[in-house]
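J.: Just so it is clear, I am handing over protein.tsv, which has TSV, C-alpha atoms.
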```tsv
chain	number	residue	atom	x	y	z
A	1	MET	CA	11.43	-25.85	2.46
A	2	GLU	CA	12.61	-28.12	5.25
A	3	ASN	CA	13.92	-27.38	8.68
A	4	LYS	CA	17.51	-28.39	8.02
A	5	LYS	CA	20.56	-26.74	9.54
A	6	LEU	CA	22.46	-24.41	7.26
A	7	ASN	CA	26.07	-23.45	7.02
A	8	GLU	CA	26.99	-19.76	7.24
A	9	LYS	CA	27.18	-19.19	3.49
A	10	GLU	CA	23.82	-20.90	2.91
A	11	SER	CA	22.28	-18.77	5.65
A	12	LEU	CA	23.37	-15.54	3.99
A	13	GLU	CA	22.18	-16.76	0.60
A	14	LEU	CA	18.80	-17.74	2.05
A	15	ILE	CA	18.33	-14.34	3.72
A	16	ALA	CA	19.19	-12.49	0.50
A	17	ARG	CA	16.92	-14.76	-1.57
A	18	MET	CA	13.91	-14.47	0.75
A	19	ILE	CA	14.16	-10.67	0.95
A	20	ARG	CA	14.48	-10.43	-2.85
A	21	ASN	CA	11.57	-12.83	-3.50
A	22	THR	CA	9.34	-11.08	-0.98
A	23	HIS	CA	9.81	-7.75	-2.75
A	24	GLU	CA	9.28	-9.28	-6.18
A	25	ASN	CA	6.05	-11.00	-5.12
A	26	LEU	CA	4.42	-8.10	-3.32
A	27	GLU	CA	0.98	-7.52	-4.73
A	28	THR	CA	0.09	-3.98	-5.65
A	29	ARG	CA	-3.43	-2.84	-6.45
A	30	GLY	CA	-3.02	0.93	-6.16
A	31	GLY	CA	-3.86	1.46	-9.83
A	32	LYS	CA	-7.44	0.25	-9.48
A	33	SER	CA	-8.07	2.47	-6.44
A	34	MET	CA	-6.78	5.51	-8.29
A	35	LEU	CA	-9.00	4.71	-11.28
A	36	VAL	CA	-12.14	4.27	-9.16
A	37	ASN	CA	-11.58	7.54	-7.29
A	38	GLY	CA	-10.34	9.37	-10.38
A	39	TYR	CA	-13.25	8.37	-12.63
A	40	THR	CA	-15.82	8.99	-9.87
A	41	THR	CA	-14.50	12.54	-9.34
A	42	PHE	CA	-14.14	13.20	-13.06
A	43	LEU	CA	-17.65	12.00	-13.95
A	44	THR	CA	-19.26	13.69	-10.92
A	45	SER	CA	-17.62	16.98	-11.92
A	46	ILE	CA	-18.91	16.71	-15.48
A	47	VAL	CA	-22.43	15.78	-14.30
A	48	ILE	CA	-22.51	18.70	-11.83
A	49	TYR	CA	-21.16	21.07	-14.51
A	50	PHE	CA	-24.05	20.24	-16.85
A	51	LEU	CA	-26.79	20.00	-14.18
A	52	VAL	CA	-25.92	23.32	-12.53
A	53	GLY	CA	-25.22	24.90	-15.92
A	54	TYR	CA	-28.63	23.99	-17.32
A	55	THR	CA	-30.83	24.24	-14.23
A	56	HIS	CA	-28.98	26.92	-12.19
A	57	ASN	CA	-29.98	24.90	-9.14
A	58	PRO	CA	-27.10	25.11	-6.59
A	59	TYR	CA	-28.39	22.08	-4.67
A	60	TYR	CA	-26.87	19.86	-7.35
A	61	HIS	CA	-23.53	20.69	-5.71
A	62	LEU	CA	-24.54	18.23	-2.99
A	63	LEU	CA	-23.67	15.53	-5.54
A	64	TRP	CA	-19.99	16.16	-4.65
A	65	PHE	CA	-20.61	14.05	-1.55
A	66	ILE	CA	-21.14	11.00	-3.79
A	67	ILE	CA	-17.35	10.88	-4.29
A	68	PRO	CA	-16.33	9.89	-0.73
A	69	VAL	CA	-19.30	7.49	-0.50
A	70	VAL	CA	-18.19	5.65	-3.68
A	71	GLY	CA	-14.58	5.68	-2.39
A	72	ILE	CA	-15.55	4.14	0.97
A	73	ILE	CA	-17.82	1.49	-0.61
A	74	TRP	CA	-15.09	0.56	-3.11
A	75	LYS	CA	-12.49	0.29	-0.30
A	76	TYR	CA	-14.82	-1.98	1.69
A	77	ILE	CA	-15.58	-4.27	-1.28
A	78	ASP	CA	-11.92	-4.41	-2.34
A	79	LYS	CA	-10.77	-5.31	1.19
A	80	ARG	CA	-13.34	-8.10	1.42
A	81	SER	CA	-12.67	-9.58	-2.01
A	82	HIS	CA	-8.86	-9.20	-1.97
A	83	PRO	CA	-7.60	-9.55	1.61
A	84	GLN	CA	-4.10	-8.12	1.75
A	85	LYS	CA	-1.57	-10.88	2.39
A	86	VAL	CA	1.28	-8.60	3.33
A	87	THR	CA	1.68	-5.06	4.57
A	88	THR	CA	4.89	-3.17	3.94
A	89	TYR	CA	6.17	-0.01	5.59
A	90	ILE	CA	5.47	1.76	2.29
A	91	ASP	CA	1.80	0.65	2.44
A	92	ARG	CA	1.58	2.12	5.92
A	93	VAL	CA	3.14	5.47	4.89
A	94	VAL	CA	0.98	5.77	1.77
A	95	GLY	CA	-2.11	4.78	3.79
A	96	TYR	CA	-1.47	7.50	6.37
A	97	VAL	CA	-0.81	10.13	3.70
A	98	TRP	CA	-4.18	9.41	2.04
A	99	MET	CA	-5.97	9.14	5.36
A	100	VAL	CA	-4.77	12.61	6.44
A	101	ALA	CA	-5.47	14.10	2.98
A	102	GLY	CA	-8.94	12.50	2.99
A	103	ILE	CA	-9.82	13.84	6.45
A	104	ILE	CA	-8.69	17.37	5.55
A	105	VAL	CA	-10.59	17.27	2.25
A	106	TRP	CA	-13.72	15.98	4.01
A	107	LEU	CA	-13.55	18.64	6.77
A	108	SER	CA	-12.87	21.41	4.24
A	109	ALA	CA	-15.78	20.28	2.05
A	110	CYS	CA	-18.16	20.22	5.04
A	111	ALA	CA	-16.90	23.62	6.19
A	112	ALA	CA	-17.40	25.11	2.72
A	113	PHE	CA	-20.91	23.70	2.29
A	114	PHE	CA	-22.47	23.92	5.70
A	115	SER	CA	-20.81	26.76	7.61
A	116	VAL	CA	-19.60	30.32	7.56
A	117	PHE	CA	-16.56	29.29	5.47
A	118	SER	CA	-18.60	29.38	2.29
A	119	MET	CA	-16.00	31.71	0.73
A	120	LEU	CA	-13.37	28.97	1.03
A	121	PRO	CA	-12.03	28.12	-2.46
A	122	ILE	CA	-12.96	24.50	-1.86
A	123	LEU	CA	-12.06	23.11	-5.30
A	124	PHE	CA	-8.58	24.63	-4.92
A	125	VAL	CA	-8.15	23.19	-1.40
A	126	VAL	CA	-9.30	19.72	-2.49
A	127	ALA	CA	-7.16	19.72	-5.64
A	128	LEU	CA	-4.11	20.91	-3.68
A	129	MET	CA	-4.52	18.21	-1.00
A	130	ILE	CA	-5.18	15.36	-3.42
A	131	ASN	CA	-2.32	16.32	-5.71
A	132	THR	CA	0.06	16.68	-2.77
A	133	ALA	CA	-0.91	13.16	-1.63
A	134	THR	CA	-0.46	11.93	-5.22
A	135	ILE	CA	3.05	13.41	-5.46
A	136	ILE	CA	4.07	11.95	-2.09
A	137	THR	CA	2.71	8.53	-3.14
A	138	GLY	CA	4.60	8.76	-6.45
A	139	LEU	CA	7.84	9.63	-4.66
A	140	VAL	CA	7.43	6.93	-1.99
A	141	ILE	CA	6.57	4.10	-4.38
A	142	LYS	CA	9.03	5.50	-6.95
A	143	PHE	CA	6.47	5.78	-9.72
A	144	LYS	CA	7.19	8.72	-12.02
A	145	ALA	CA	3.75	8.89	-13.68
A	146	LEU	CA	2.16	9.68	-10.30
A	147	THR	CA	4.75	12.31	-9.41
A	148	ILE	CA	4.44	13.98	-12.82
A	149	GLY	CA	0.61	13.76	-12.84
A	150	GLY	CA	0.43	15.17	-9.29
A	151	SER	CA	2.83	18.00	-10.16
A	152	ALA	CA	0.80	18.92	-13.25
A	153	GLY	CA	-2.32	18.81	-11.07
A	154	ILE	CA	-0.77	21.13	-8.47
A	155	LEU	CA	0.20	23.67	-11.12
A	156	LEU	CA	-3.28	23.54	-12.63
A	157	SER	CA	-4.96	23.75	-9.21
A	158	PHE	CA	-3.58	27.29	-8.71
A	159	SER	CA	-5.71	28.40	-11.65
A	160	LEU	CA	-8.70	27.65	-9.38
A	161	LEU	CA	-7.74	30.76	-7.36
A	162	ILE	CA	-8.43	33.02	-10.33
A	163	ILE	CA	-11.07	31.10	-12.26
A	164	PHE	CA	-14.47	30.74	-10.59
A	165	GLY	CA	-17.93	29.51	-11.45
A	166	LEU	CA	-18.74	26.59	-13.71
A	167	LYS	CA	-15.45	26.75	-15.61
A	168	SER	CA	-13.60	25.91	-12.40
A	169	ILE	CA	-15.50	22.59	-12.26
A	170	LEU	CA	-14.17	21.65	-15.69
A	171	ILE	CA	-10.62	22.50	-14.59
A	172	PHE	CA	-11.18	20.38	-11.48
A	173	ALA	CA	-12.21	17.45	-13.71
A	174	LEU	CA	-9.12	17.98	-15.86
A	175	ILE	CA	-6.91	17.96	-12.74
A	176	PHE	CA	-8.27	14.52	-11.76
A	177	LEU	CA	-7.71	13.28	-15.29
A	178	LEU	CA	-4.06	14.29	-14.95
A	179	CYS	CA	-3.35	13.27	-11.37
A	180	MET	CA	-5.42	10.08	-11.05
A	181	ILE	CA	-6.90	8.67	-14.24
A	182	ILE	CA	-3.85	8.78	-16.54
A	183	PRO	CA	-1.32	7.72	-13.83
A	184	GLY	CA	-3.88	5.14	-12.59
A	185	HIS	CA	-4.01	3.49	-16.03
A	186	ILE	CA	-0.20	3.54	-16.32
A	187	LEU	CA	0.12	2.08	-12.80
A	188	GLN	CA	-2.44	-0.62	-13.51
A	189	TYR	CA	-0.65	-1.55	-16.72
A	190	ALA	CA	2.66	-1.76	-14.83
A	191	GLU	CA	1.05	-3.93	-12.10
A	192	LYS	CA	-0.47	-6.25	-14.72
A	193	LYS	CA	2.90	-6.59	-16.46
A	194	LYS	CA	4.58	-7.34	-13.13
A	195	ARG	CA	1.99	-10.02	-12.31
A	196	LEU	CA	2.39	-11.69	-15.71
A	197	LYS	CA	6.18	-11.61	-15.35
A	198	SER	CA	6.08	-13.16	-11.88
A	199	ARG	CA	3.67	-15.89	-13.12
A	200	ALA	CA	6.03	-16.68	-15.99
A	201	TYR	CA	8.75	-17.56	-13.47
A	202	VAL	CA	6.54	-19.91	-11.44
B	1	MET	CA	36.73	-14.56	17.11
B	2	PHE	CA	33.55	-16.41	16.11
B	3	LYS	CA	30.30	-15.18	17.61
B	4	GLU	CA	27.74	-17.77	18.61
B	5	LEU	CA	24.92	-18.29	16.10
B	6	ASP	CA	21.42	-18.18	17.54
B	7	PRO	CA	20.26	-21.84	17.29
B	8	LEU	CA	16.65	-20.72	16.88
B	9	LEU	CA	17.51	-18.82	13.72
B	10	HIS	CA	20.09	-21.24	12.41
B	11	SER	CA	17.55	-23.44	10.68
B	12	GLU	CA	16.32	-23.02	7.13
B	13	LEU	CA	12.61	-22.47	7.59
B	14	ARG	CA	12.76	-20.27	10.69
B	15	LEU	CA	15.47	-18.12	9.09
B	16	ALA	CA	13.37	-17.83	5.93
B	17	VAL	CA	10.35	-16.68	7.97
B	18	MET	CA	12.45	-14.08	9.80
B	19	SER	CA	13.97	-12.87	6.50
B	20	ILE	CA	10.51	-12.33	5.04
B	21	LEU	CA	9.26	-10.50	8.11
B	22	ILE	CA	12.34	-8.26	8.33
B	23	SER	CA	11.46	-6.72	4.96
B	24	VAL	CA	7.72	-6.16	5.52
B	25	GLU	CA	5.64	-4.79	8.36
B	26	GLU	CA	3.37	-7.81	8.63
B	27	ALA	CA	2.63	-10.85	6.51
B	28	ASP	CA	-0.20	-13.34	6.28
B	29	PHE	CA	0.50	-17.03	6.99
B	30	VAL	CA	-0.54	-17.87	3.40
B	31	PHE	CA	1.97	-15.39	1.98
B	32	ILE	CA	4.79	-16.86	4.10
B	33	LYS	CA	3.76	-20.35	3.05
B	34	GLU	CA	3.85	-19.36	-0.63
B	35	GLN	CA	7.26	-17.75	-0.26
B	36	THR	CA	8.88	-20.57	1.69
B	37	LYS	CA	7.03	-23.40	-0.09
B	38	ALA	CA	6.79	-25.14	3.29
B	39	THR	CA	3.92	-27.35	4.39
B	40	SER	CA	1.26	-25.74	6.61
B	41	GLY	CA	2.00	-28.12	9.49
B	42	ASN	CA	5.74	-27.55	9.50
B	43	LEU	CA	5.35	-23.79	9.07
B	44	SER	CA	2.86	-23.63	11.96
B	45	VAL	CA	5.28	-25.42	14.27
B	46	GLN	CA	8.22	-23.18	13.34
B	47	ILE	CA	6.15	-20.00	13.62
B	48	ASP	CA	4.98	-21.15	17.03
B	49	LYS	CA	8.60	-21.63	18.14
B	50	LEU	CA	9.53	-18.13	16.98
B	51	SER	CA	6.49	-16.75	18.72
B	52	LYS	CA	7.26	-18.51	22.02
B	53	ALA	CA	10.79	-17.05	21.88
B	54	GLY	CA	9.20	-13.60	21.53
B	55	TYR	CA	10.74	-13.08	18.07
B	56	ILE	CA	7.44	-12.69	16.25
B	57	GLU	CA	3.94	-11.61	17.17
B	58	ILE	CA	0.93	-13.51	15.83
B	59	THR	CA	-2.49	-11.95	15.38
B	60	LYS	CA	-5.45	-14.10	14.46
B	61	THR	CA	-8.18	-12.17	12.73
B	62	PHE	CA	-10.88	-12.41	10.07
B	63	LYS	CA	-10.99	-10.90	6.59
B	64	GLY	CA	-14.65	-11.14	5.72
B	65	LYS	CA	-15.52	-14.72	6.62
B	66	MET	CA	-12.00	-16.05	6.08
B	67	PRO	CA	-9.71	-16.54	9.09
B	68	GLN	CA	-6.37	-14.81	8.75
B	69	THR	CA	-3.13	-15.26	10.69
B	70	LEU	CA	-0.86	-12.25	10.58
B	71	CYS	CA	2.78	-12.38	11.67
B	72	ARG	CA	5.08	-9.51	12.46
B	73	LEU	CA	8.56	-9.16	13.87
B	74	THR	CA	8.90	-7.91	17.46
B	75	PRO	CA	11.76	-5.60	18.57
B	76	ILE	CA	13.34	-8.65	20.28
B	77	GLY	CA	13.12	-10.58	17.01
B	78	ARG	CA	14.61	-7.71	15.03
B	79	GLN	CA	17.51	-7.49	17.49
B	80	ALA	CA	18.03	-11.26	17.35
B	81	PHE	CA	18.08	-11.13	13.54
B	82	GLU	CA	20.62	-8.29	13.56
B	83	ASN	CA	22.79	-10.20	16.06
B	84	TYR	CA	22.55	-13.28	13.85
B	85	ILE	CA	23.75	-11.29	10.82
B	86	GLU	CA	26.61	-9.86	12.87
B	87	ALA	CA	27.58	-13.36	13.96
B	88	LEU	CA	27.43	-14.59	10.36
B	89	LYS	CA	29.67	-11.73	9.29
B	90	SER	CA	32.31	-12.84	11.80
B	91	TYR	CA	32.28	-16.33	10.27
B	92	ILE	CA	32.36	-15.12	6.67
B	93	GLY	CA	35.06	-12.56	7.53
B	94	ASN	CA	37.23	-15.21	9.10
B	95	ILE	CA	36.77	-17.57	6.17
B	96	GLY	CA	37.73	-14.81	3.69
```
How would this structure read if it were set down as structure tokens?
T.:
Amino acid sequence: MENKKLNEKESLELIARMIRNTHENLETRGGKSMLVNGYTTFLTSIVIYFLVGYTHNPYYHLLWFIIPVVGIIWKYIDKRSHPQKVTTYIDRVVGYVWMVAGIIVWLSACAAFFSVFSMLPILFVVALMINTATIITGLVIKFKALTIGGSAGILLSFSLLIIFGLKSILIFALIFLLCMIIPGHILQYAEKKKRLKSRAYV
Amino acid sequence: MFKELDPLLHSELRLAVMSILISVEEADFVFIKEQTKATSGNLSVQIDKLSKAGYIEITKTFKGKMPQTLCRLTPIGRQAFENYIEALKSYIGNIG
């Protein structure tokens, strides 16, 4: 592109074309993040279910804290290896939604484990927060699989108010399968398709 | 009545840069270069002009070990872009 003067019609055409191209070429990598967090939570839940079930040692519940550690490490590695070239207003909104949900989940988990709030139905609180964030993300980025997965997760999370003990851990794992793993795979497939399509036009 | 077109925006590359930045919150120099298919030298000069006019804000940072130049529209730039569109409308309206 040169620095030539444009007539009025060309100016309008250029503005429309640049805005359209920018939106078509935006990179999205949300699917991978959802898969990393979803699989980490799912596998941790299953591992804790079996360890506590067989050993009856409640200290294995401390393994829950692996989830945020893996999430933070993944975020750090992903940011370093794929620096984001463009930030949209949607990125900002989705980022804030997950930041607030993450902080509340983290505080609730600490309160449930290390303080007088040990009666807090922590799996319910975490599932409710994560699924709410998933639904908001789905609505904001207009991705139905996330909205549907999050809604199914919310409905299922209420069962955690009446089901306790080890069974609740399995339900928690199922919730993450519905709200993160399945939508994450669908989202990643859609992102891959979009990338291939945009390369085909180059 | 024709409104005056902002001479700073009435050039292909600068208008393209502003059009990209109007639709995102911030964009990396490399992304803008890919979208406009301009040369680095030319793009740098035009971005500098927009920055000196207060239309865009430039942040130089690092992503890992790689330097990164981020550009974002300022409120003055947004207003100038809106005024430019309004001025264009007056031309197009009068032609139609």
J.: For region 172-188 of chain A, take all atoms listed in the file, fit an axis-aligned box around them, add 4 Å to each of the six sides, then output centre and edge lengths in Å rounded to one decimal, as lines of an AutoDock Vina configuration file.
T.:
```
center_x = -6.0
center_y = 9.9
center_z = -13.8
size_x = 20.3
size_y = 29.0
size_z = 13.5
```
J.: Skipping near chain neighbours, those fewer than 2 positions away, what residues fall within 12 Å of Lys75 (chain A) using all atoms listed in the file, listed as a VMD selection string?
T.: chain A and resid 29 to 30 32 to 34 36 to 37 68 to 73 77 to 83
J.: Determine which residues of chain A sit within 7 Å of chain B, taking into account all atoms listed in the file, and present them as a VMD selection string.
T.: chain A and resid 1 to 6 8 14 to 15 18 to 19 22 80 83 85 to 89
J.: When distances are computed from only C-alpha atoms, which of B:Pro75, B:Leu8, B:Lys3, B:Pro67 shows the smallest separation from Asp48 (chain B)?
T.: B:Leu8
J.: Expressed in Å to a single decimal, how great is the separation between CA of Gly53 (chain A) and CA of Phe164 (chain A)?
T.: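 CA of Phe164 (chain A) lies 13.3 Å from CA of Gly53 (chain A).
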